[in-house]
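With PDB, C-alpha atoms inside, this is my_file35.pdb:
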ATOM      1  CA  MET A   6      43.007  83.114  71.209
ATOM      2  CA  PHE A   7      43.544  85.281  68.128
ATOM      3  CA  GLY A   8      40.709  83.540  66.360
ATOM      4  CA  ALA A   9      38.389  84.644  69.160
ATOM      5  CA  ILE A  10      39.105  88.340  68.554
ATOM      6  CA  ALA A  11      39.402  88.350  64.746
ATOM      7  CA  GLY A  12      35.980  89.863  64.099
ATOM      8  CA  SER A  13      36.609  92.976  66.200
ATOM      9  CA  TYR A  14      40.374  93.151  65.754
ATOM     10  CA  ASP A  15      40.395  96.132  63.371
ATOM     11  CA  LEU A  16      37.924  98.120  65.454
ATOM     12  CA  ASN A  17      39.936  97.605  68.625
ATOM     13  CA  ASN A  18      43.170  98.501  66.843
ATOM     14  CA  ARG A  19      41.741 101.813  65.618
ATOM     15  CA  LEU A  20      40.080 102.735  68.896
ATOM     16  CA  HIS A  21      42.862 101.789  71.274
ATOM     17  CA  SER A  22      45.697 103.277  69.205
ATOM     18  CA  PHE A  23      43.622 106.436  68.574
ATOM     19  CA  GLY A  24      44.052 105.727  64.863
ATOM     20  CA  ARG A  25      47.855 105.677  65.012
ATOM     21  CA  ASP A  26      48.106 102.015  63.995
ATOM     22  CA  GLN A  27      47.525 102.882  60.350
ATOM     23  CA  ALA A  28      50.131 105.648  60.463
ATOM     24  CA  TRP A  29      52.627 103.135  61.846
ATOM     25  CA  ARG A  30      51.866 100.783  58.982
ATOM     26  CA  ARG A  31      52.319 103.538  56.405
ATOM     27  CA  HIS A  32      55.689 104.297  57.985
ATOM     28  CA  ALA A  33      56.662 100.619  57.678
ATOM     29  CA  VAL A  34      55.785 100.587  53.981
ATOM     30  CA  ALA A  35      57.903 103.698  53.420
ATOM     31  CA  ALA A  36      60.793 102.093  55.330
ATOM     32  CA  ALA A  37      60.592  99.014  53.088
ATOM     33  CA  GLY A  38      61.400 101.121  50.017
ATOM     34  CA  ILE A  39      59.211  99.129  47.647
ATOM     35  CA  LYS A  40      60.237  99.315  43.999
ATOM     36  CA  PRO A  41      58.126  98.507  40.922
ATOM     37  CA  GLY A  42      58.082  94.748  40.391
ATOM     38  CA  ASP A  43      58.998  93.801  43.971
ATOM     39  CA  ARG A  44      57.571  90.706  45.651
ATOM     40  CA  VAL A  45      56.545  91.306  49.260
ATOM     41  CA  LEU A  46      55.787  88.905  52.110
ATOM     42  CA  ASP A  47      53.798  90.215  55.084
ATOM     43  CA  VAL A  48      54.222  87.725  57.948
ATOM     44  CA  ALA A  49      51.677  87.572  60.787
ATOM     45  CA  CYS A  50      49.461  89.662  58.533
ATOM     46  CA  GLY A  51      46.388  89.299  60.729
ATOM     47  CA  THR A  52      43.403  90.915  59.037
ATOM     48  CA  GLY A  53      45.572  92.275  56.235
ATOM     49  CA  ASP A  54      45.926  95.977  57.066
ATOM     50  CA  LEU A  55      49.649  96.146  56.300
ATOM     51  CA  THR A  56      49.290  93.763  53.358
ATOM     52  CA  GLU A  57      46.791  96.185  51.824
ATOM     53  CA  TRP A  58      49.159  99.129  52.231
ATOM     54  CA  PHE A  59      51.832  97.187  50.354
ATOM     55  CA  ALA A  60      49.310  96.422  47.604
ATOM     56  CA  ARG A  61      48.966 100.175  47.026
ATOM     57  CA  THR A  62      52.664 100.419  46.081
ATOM     58  CA  GLY A  63      54.403  99.359  42.894
ATOM     59  CA  ALA A  64      54.863  95.800  44.165
ATOM     60  CA  VAL A  65      53.868  93.154  41.643
ATOM     61  CA  GLU A  66      52.846  90.582  44.272
ATOM     62  CA  VAL A  67      52.031  90.769  47.986
ATOM     63  CA  ILE A  68      51.485  87.643  50.085
ATOM     64  CA  GLY A  69      49.981  87.845  53.545
ATOM     65  CA  LEU A  70      50.751  84.888  55.827
ATOM     66  CA  ASP A  71      49.219  84.219  59.215
ATOM     67  CA  PHE A  72      48.915  81.331  61.666
ATOM     68  CA  THR A  73      45.248  82.072  62.477
ATOM     69  CA  ARG A  74      42.656  81.091  59.887
ATOM     70  CA  ALA A  75      39.951  83.369  61.322
ATOM     71  CA  MET A  76      42.190  86.406  60.814
ATOM     72  CA  LEU A  77      42.785  85.413  57.195
ATOM     73  CA  ASP A  78      39.053  84.983  56.636
ATOM     74  CA  VAL A  79      38.555  88.613  57.653
ATOM     75  CA  ALA A  80      41.467  89.709  55.445
ATOM     76  CA  ARG A  81      40.007  87.967  52.399
ATOM     77  CA  THR A  82      36.634  89.611  52.995
ATOM     78  CA  LYS A  83      38.226  93.068  53.241
ATOM     79  CA  ARG A  84      40.403  92.748  50.141
ATOM     80  CA  PRO A  85      37.811  93.646  47.450
ATOM     81  CA  GLN A  86      36.245  96.273  49.698
ATOM     82  CA  ASN A  87      39.424  98.252  50.441
ATOM     83  CA  LEU A  88      41.471  97.844  47.265
ATOM     84  CA  THR A  89      40.989  98.582  43.600
ATOM     85  CA  GLU A  90      40.604  95.590  41.322
ATOM     86  CA  GLU A  91      44.217  95.969  40.165
ATOM     87  CA  GLN A  92      45.537  96.218  43.733
ATOM     88  CA  ALA A  93      43.439  93.281  44.956
ATOM     89  CA  ALA A  94      44.779  91.099  42.150
ATOM     90  CA  LYS A  95      48.288  91.441  43.617
ATOM     91  CA  VAL A  96      47.266  90.055  47.006
ATOM     92  CA  SER A  97      46.969  86.484  48.220
ATOM     93  CA  TYR A  98      46.598  85.122  51.752
ATOM     94  CA  ILE A  99      47.909  81.815  53.060
ATOM     95  CA  GLU A 100      47.988  80.064  56.400
ATOM     96  CA  GLY A 101      51.483  79.399  57.678
ATOM     97  CA  ASP A 102      54.091  79.499  60.422
ATOM     98  CA  ALA A 103      56.659  82.309  60.713
ATOM     99  CA  MET A 104      59.231  79.769  61.892
ATOM    100  CA  ALA A 105      58.762  77.495  58.862
ATOM    101  CA  LEU A 106      57.892  79.664  55.876
ATOM    102  CA  PRO A 107      56.573  77.650  52.896
ATOM    103  CA  PHE A 108      58.690  79.451  50.297
ATOM    104  CA  GLU A 109      61.895  78.853  48.351
ATOM    105  CA  ASN A 110      65.144  80.534  49.313
ATOM    106  CA  GLU A 111      65.566  84.113  48.072
ATOM    107  CA  SER A 112      61.946  84.505  46.976
ATOM    108  CA  PHE A 113      61.117  88.041  48.135
ATOM    109  CA  ASP A 114      62.426  91.572  47.793
ATOM    110  CA  ALA A 115      60.855  92.784  51.051
ATOM    111  CA  LEU A 116      59.415  91.157  54.164
ATOM    112  CA  SER A 117      57.435  92.708  56.979
ATOM    113  CA  ILE A 118      56.013  91.623  60.306
ATOM    114  CA  ALA A 119      53.833  94.018  62.296
ATOM    115  CA  PHE A 120      53.115  93.383  65.971
ATOM    116  CA  GLY A 121      53.694  89.678  65.497
ATOM    117  CA  ILE A 122      57.324  88.869  66.279
ATOM    118  CA  ARG A 123      56.704  88.890  70.035
ATOM    119  CA  ASN A 124      54.003  86.225  69.574
ATOM    120  CA  VAL A 125      56.391  83.819  67.833
ATOM    121  CA  ALA A 126      57.630  81.004  70.072
ATOM    122  CA  GLU A 127      61.235  81.406  68.876
ATOM    123  CA  PRO A 128      61.892  84.881  67.397
ATOM    124  CA  ALA A 129      65.470  83.954  66.411
ATOM    125  CA  LYS A 130      64.181  81.058  64.346
ATOM    126  CA  ALA A 131      61.667  83.316  62.607
ATOM    127  CA  LEU A 132      64.350  85.919  61.851
ATOM    128  CA  ALA A 133      66.518  83.196  60.315
ATOM    129  CA  GLU A 134      63.576  82.203  58.115
ATOM    130  CA  PHE A 135      63.054  85.831  57.100
ATOM    131  CA  ARG A 136      66.660  86.025  55.955
ATOM    132  CA  ARG A 137      66.366  82.728  54.076
ATOM    133  CA  VAL A 138      63.405  83.800  51.935
ATOM    134  CA  LEU A 139      64.718  87.306  51.220
ATOM    135  CA  LYS A 140      66.878  87.970  48.205
ATOM    136  CA  PRO A 141      70.375  89.409  48.790
ATOM    137  CA  GLY A 142      69.812  93.071  49.527
ATOM    138  CA  GLY A 143      66.179  92.404  50.416
ATOM    139  CA  ARG A 144      64.614  94.618  53.051
ATOM    140  CA  LEU A 145      63.211  93.555  56.416
ATOM    141  CA  VAL A 146      60.782  95.781  58.319
ATOM    142  CA  VAL A 147      59.515  94.963  61.816
ATOM    143  CA  LEU A 148      56.889  96.940  63.711
ATOM    144  CA  GLU A 149      56.615  96.148  67.400
ATOM    145  CA  PHE A 150      55.340  97.772  70.549
ATOM    146  CA  ASP A 151      57.685  99.062  73.212
ATOM    147  CA  ARG A 152      57.377 100.849  76.546
ATOM    148  CA  PRO A 153      58.208 104.576  76.560
ATOM    149  CA  GLY A 154      61.129 105.278  78.854
ATOM    150  CA  TRP A 155      60.355 108.771  80.081
ATOM    151  CA  PHE A 156      58.005 110.293  82.652
ATOM    152  CA  PRO A 157      55.045 110.732  82.490
ATOM    153  CA  MET A 158      54.447 108.874  79.217
ATOM    154  CA  LYS A 159      55.750 105.602  80.669
ATOM    155  CA  GLN A 160      53.318 105.756  83.597
ATOM    156  CA  LEU A 161      50.384 106.790  81.387
ATOM    157  CA  ASN A 162      51.138 104.061  78.869
ATOM    158  CA  ASP A 163      51.477 101.390  81.568
ATOM    159  CA  PHE A 164      48.139 102.396  83.100
ATOM    160  CA  TYR A 165      46.359 102.550  79.754
ATOM    161  CA  CYS A 166      47.768  99.288  78.372
ATOM    162  CA  GLY A 167      47.739  97.416  81.668
ATOM    163  CA  TRP A 168      44.327  98.437  83.001
ATOM    164  CA  VAL A 169      42.124 100.407  80.584
ATOM    165  CA  MET A 170      42.730  98.678  77.245
ATOM    166  CA  PRO A 171      42.353  95.041  78.403
ATOM    167  CA  ARG A 172      38.938  95.821  79.870
ATOM    168  CA  THR A 173      37.501  97.976  77.096
ATOM    169  CA  ALA A 174      38.903  95.824  74.273
ATOM    170  CA  SER A 175      37.601  92.615  75.871
ATOM    171  CA  LEU A 176      34.191  94.233  76.277
ATOM    172  CA  ILE A 177      34.050  95.332  72.635
ATOM    173  CA  ALA A 178      35.227  91.912  71.418
ATOM    174  CA  ARG A 179      33.033  90.040  73.916
ATOM    175  CA  ASP A 180      36.174  88.048  74.483
ATOM    176  CA  ARG A 181      36.664  85.502  77.248
ATOM    177  CA  SER A 182      39.859  83.967  75.870
ATOM    178  CA  GLY A 183      42.100  86.422  77.727
ATOM    179  CA  ALA A 184      43.655  87.771  74.516
ATOM    180  CA  TYR A 185      43.593  91.388  75.632
ATOM    181  CA  ARG A 186      45.123  90.528  78.980
ATOM    182  CA  TYR A 187      47.882  88.564  77.279
ATOM    183  CA  LEU A 188      48.794  91.184  74.652
ATOM    184  CA  PRO A 189      49.974  94.025  76.964
ATOM    185  CA  LYS A 190      51.810  91.539  79.180
ATOM    186  CA  SER A 191      53.645  90.199  76.131
ATOM    187  CA  VAL A 192      54.987  93.681  75.392
ATOM    188  CA  GLY A 193      56.509  93.938  78.859
ATOM    189  CA  THR A 194      58.238  90.571  78.614
ATOM    190  CA  PHE A 195      59.534  90.869  75.030
ATOM    191  CA  LEU A 196      62.991  91.952  73.901
ATOM    192  CA  ARG A 197      63.999  95.528  74.600
ATOM    193  CA  ARG A 198      64.887  97.785  71.689
ATOM    194  CA  ASP A 199      68.646  97.176  71.924
ATOM    195  CA  GLN A 200      68.084  93.428  72.310
ATOM    196  CA  MET A 201      65.863  93.344  69.229
ATOM    197  CA  GLU A 202      68.487  95.175  67.199
ATOM    198  CA  LYS A 203      71.090  92.604  68.272
ATOM    199  CA  ALA A 204      68.723  89.740  67.400
ATOM    200  CA  ILE A 205      68.225  91.115  63.883
ATOM    201  CA  THR A 206      71.971  91.597  63.428
ATOM    202  CA  GLY A 207      72.605  88.106  64.778
ATOM    203  CA  ALA A 208      70.265  86.642  62.158
ATOM    204  CA  GLY A 209      72.556  87.935  59.402
ATOM    205  CA  PHE A 210      71.062  91.322  58.591
ATOM    206  CA  ALA A 211      73.020  94.525  58.023
ATOM    207  CA  ARG A 212      72.222  98.248  58.228
ATOM    208  CA  VAL A 213      69.942  97.617  61.199
ATOM    209  CA  ASN A 214      68.059 100.742  62.174
ATOM    210  CA  SER A 215      65.275 101.462  64.640
ATOM    211  CA  ARG A 216      63.008 104.464  64.941
ATOM    212  CA  ALA A 217      60.647 105.261  67.790
ATOM    213  CA  LEU A 218      57.129 106.260  66.759
ATOM    214  CA  THR A 219      54.471 108.051  68.834
ATOM    215  CA  PHE A 220      56.548 108.768  71.943
ATOM    216  CA  GLY A 221      58.227 105.349  71.758
ATOM    217  CA  ILE A 222      55.014 103.322  72.001
ATOM    218  CA  CYS A 223      55.923 101.654  68.712
ATOM    219  CA  ILE A 224      59.342 100.913  67.179
ATOM    220  CA  CYS A 225      59.983 100.464  63.466
ATOM    221  CA  TYR A 226      63.052  98.291  62.805
ATOM    222  CA  SER A 227      64.540  98.072  59.334
ATOM    223  CA  ALA A 228      67.445  96.064  57.973
ATOM    224  CA  ALA A 229      68.893  94.564  54.801
ATOM    225  CA  ARG A 230      69.655  90.937  54.030
ATOM    226  CA  VAL A 231      73.323  90.218  53.279
TER     227      VAL A 231
END
Please, can you express the file's structure as structure tokens?
Amino acid sequence: MFGAIAGSYDLNNRLHSFGRDQAWRRHAVAAAGIKPGDRVLDVACGTGDLTEWFARTGAVEVIGLDFTRAMLDVARTKRPQNLTEEQAAKVSYIEGDAMALPFENESFDALSIAFGIRNVAEPAKALAEFRRVLKPGGRLVVLEFDRPGWFPMKQLNDFYCGWVMPRTASLIARDRSGAYRYLPKSVGTFLRRDQMEKAITGAGFARVNSRALTFGICICYSAARV
């Protein structure tokens, strides 16, 4: 399904978030508090947008991991186009599963996942893996969609995401896989904000914080590995 929309994924993200998706990613990078020499893992990296923002920091290495090869193919094509030679040299992309990360214990200083945790079959298992590969004190940042809770933004968002976006995004992507019908439905069935905070705490993280972005359409969760 995600392979079917990889080629138009960035375009649809920009159009249907009115450009806010990149602002959300910049916020996530700031929340991660990257220090010079840090190693960063970006899980469910997709076409590499967030990975590239991390490459523009003082991190010494940034690895983007995704389950969908077609998304990684796009990310690898973008890398030399969007980054300086020095920044691009920090970045590598690998195919892998969020629930079985192919890395040693305590390998990374920061780990991110943007709009991907709700697509994992067992989020608790993925969160446990995130803790395993982070160093003590390592930072976790999660970006995920949510539903605004106040009128009229809730009604407008439900109409836009439930009716407008699936049709226009599918048309742009020429997609028949149903990806853009699945994605808004997955937001409605995923963990609520308080439930997600509890899930992160339950996985062994401390200092769990969440911040609503753009009227609560997106939530940025941050935490530290203990």
Check: How would you write, as a ChimeraX atom specification, the residues chosen by the PyMOL selection byres ((chain A and resi 129-142) around 8) on this structure?
Finding: /A:103-106,108-116,122,125,127-128,143-145,204-205,208-210,229-231
Residues near A:Ile118, cut-off 9 Å, all atoms listed in the file, skip fewer than 2 positions along chain, as a compact mmCIF listing (two decimals) with C-alpha atoms, keeping the file's coordinate frame:
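Saved to around01.txt:
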# COMPACT_ATOMS: atom_id res chain seq x y z
CA LEU A 46 55.79 88.90 52.11
CA ASP A 47 53.80 90.22 55.08
CA VAL A 48 54.22 87.72 57.95
CA ALA A 49 51.68 87.57 60.79
CA CYS A 50 49.46 89.66 58.53
CA LEU A 55 49.65 96.15 56.30
CA LEU A 116 59.42 91.16 54.16
CA PHE A 120 53.12 93.38 65.97
CA GLY A 121 53.69 89.68 65.50
CA ILE A 122 57.32 88.87 66.28
CA LEU A 145 63.21 93.56 56.42
CA VAL A 146 60.78 95.78 58.32
CA VAL A 147 59.52 94.96 61.82
CA LEU A 148 56.89 96.94 63.71
CA GLU A 149 56.62 96.15 67.40
Notebook entry, point to check: stretch 6-17 of chain A: which residues within 12 Å, counting only C-alpha atoms, same-chain residues fewer than 2 positions away excluded, as a ChimeraX atom specification?
Noted result: /A:19-27,49-55,71-80,82-83,121,124,170-188
Notebook entry, point to check: Could you state the separation of atom CA of A:Arg81 and atom CA of A:Val45 in Å, given to one decimal place?
Noted result: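 Atom CA of A:Val45 lies 17.2 Å from atom CA of A:Arg81.
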Check: Restricting the calculation to all atoms listed in the file, which member of A:Trp155, A:Ile222, A:Ser117, A:Gly69 is positioned closest to A:Ala36?
Finding: A:Ser117
Notebook entry, point to check: Taking into account only C-alpha atoms, which residue in the set A:Leu70, A:Ala37, A:Leu88, A:Ala119 is nearest to A:Ser227?
Noted result: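 Among the listed residues, the smallest separation from A:Ser227 belongs to A:Ala37.
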Notebook entry, point to check: For the atom pair atom CA of A:Arg216 and atom CA of A:Thr194, what is the interatomic distance in Å to one decimal place?
Noted result: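 Separation between atom CA of A:Arg216 and atom CA of A:Thr194: 20.1 Å.
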Checklist line | Residues in the PyMOL selection byres ((chain A and resi 96) around 7), expressed as a PyMOL selection string | finding: chain A and resi 60+66-68+93-95+97-98
Using the selection just defined, write its residues with C-alpha atoms as a compact mmCIF listing (two decimals), in the frame of the given file.
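Below is the file that was written, result.txt:
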# COMPACT_ATOMS: atom_id res chain seq x y z
CA ALA A 60 49.31 96.42 47.60
CA GLU A 66 52.85 90.58 44.27
CA VAL A 67 52.03 90.77 47.99
CA ILE A 68 51.48 87.64 50.08
CA ALA A 93 43.44 93.28 44.96
CA ALA A 94 44.78 91.10 42.15
CA LYS A 95 48.29 91.44 43.62
CA SER A 97 46.97 86.48 48.22
CA TYR A 98 46.60 85.12 51.75
Item checked: Interatomic distance, atom CA of A:Pro153 to atom CA of A:Phe220 (Å, one decimal) -> 6.5 Å
Next item on the list: Carefully work through the PyMOL selection byres ((chain A and resi 154) around 12) for this structure and note down the residues it includes, as a PyMOL selection string.
Entry: chain A and resi 151-153+155-163+197-198+217+220-223
Starting from 3 Å padding per side, set up an axis-aligned box that covers all listed atoms of stretch 196-208 of chain A and hand over centre and edge lengths in Å, one decimal, as AutoDock Vina command-line options.
--center_x 67.8 --center_y 92.2 --center_z 68.4 --size_x 15.6 --size_y 17.1 --size_z 18.4
Note to self: Measuring between all atoms listed in the file, which one of A:Arg30, A:Gly193, A:Pro41, A:Pro85 shows the shortest distance to A:Trp58?
What the structure shows: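 Among the listed residues, the smallest separation from A:Trp58 belongs to A:Arg30.
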Checklist line | A:Glu91, A:Glu100, A:Phe150, A:Pro189 ranked by distance to A:Trp168, top pick (using only C-alpha atoms) | finding: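 Ranked by minimum distance to A:Trp168, first place goes to A:Pro189.
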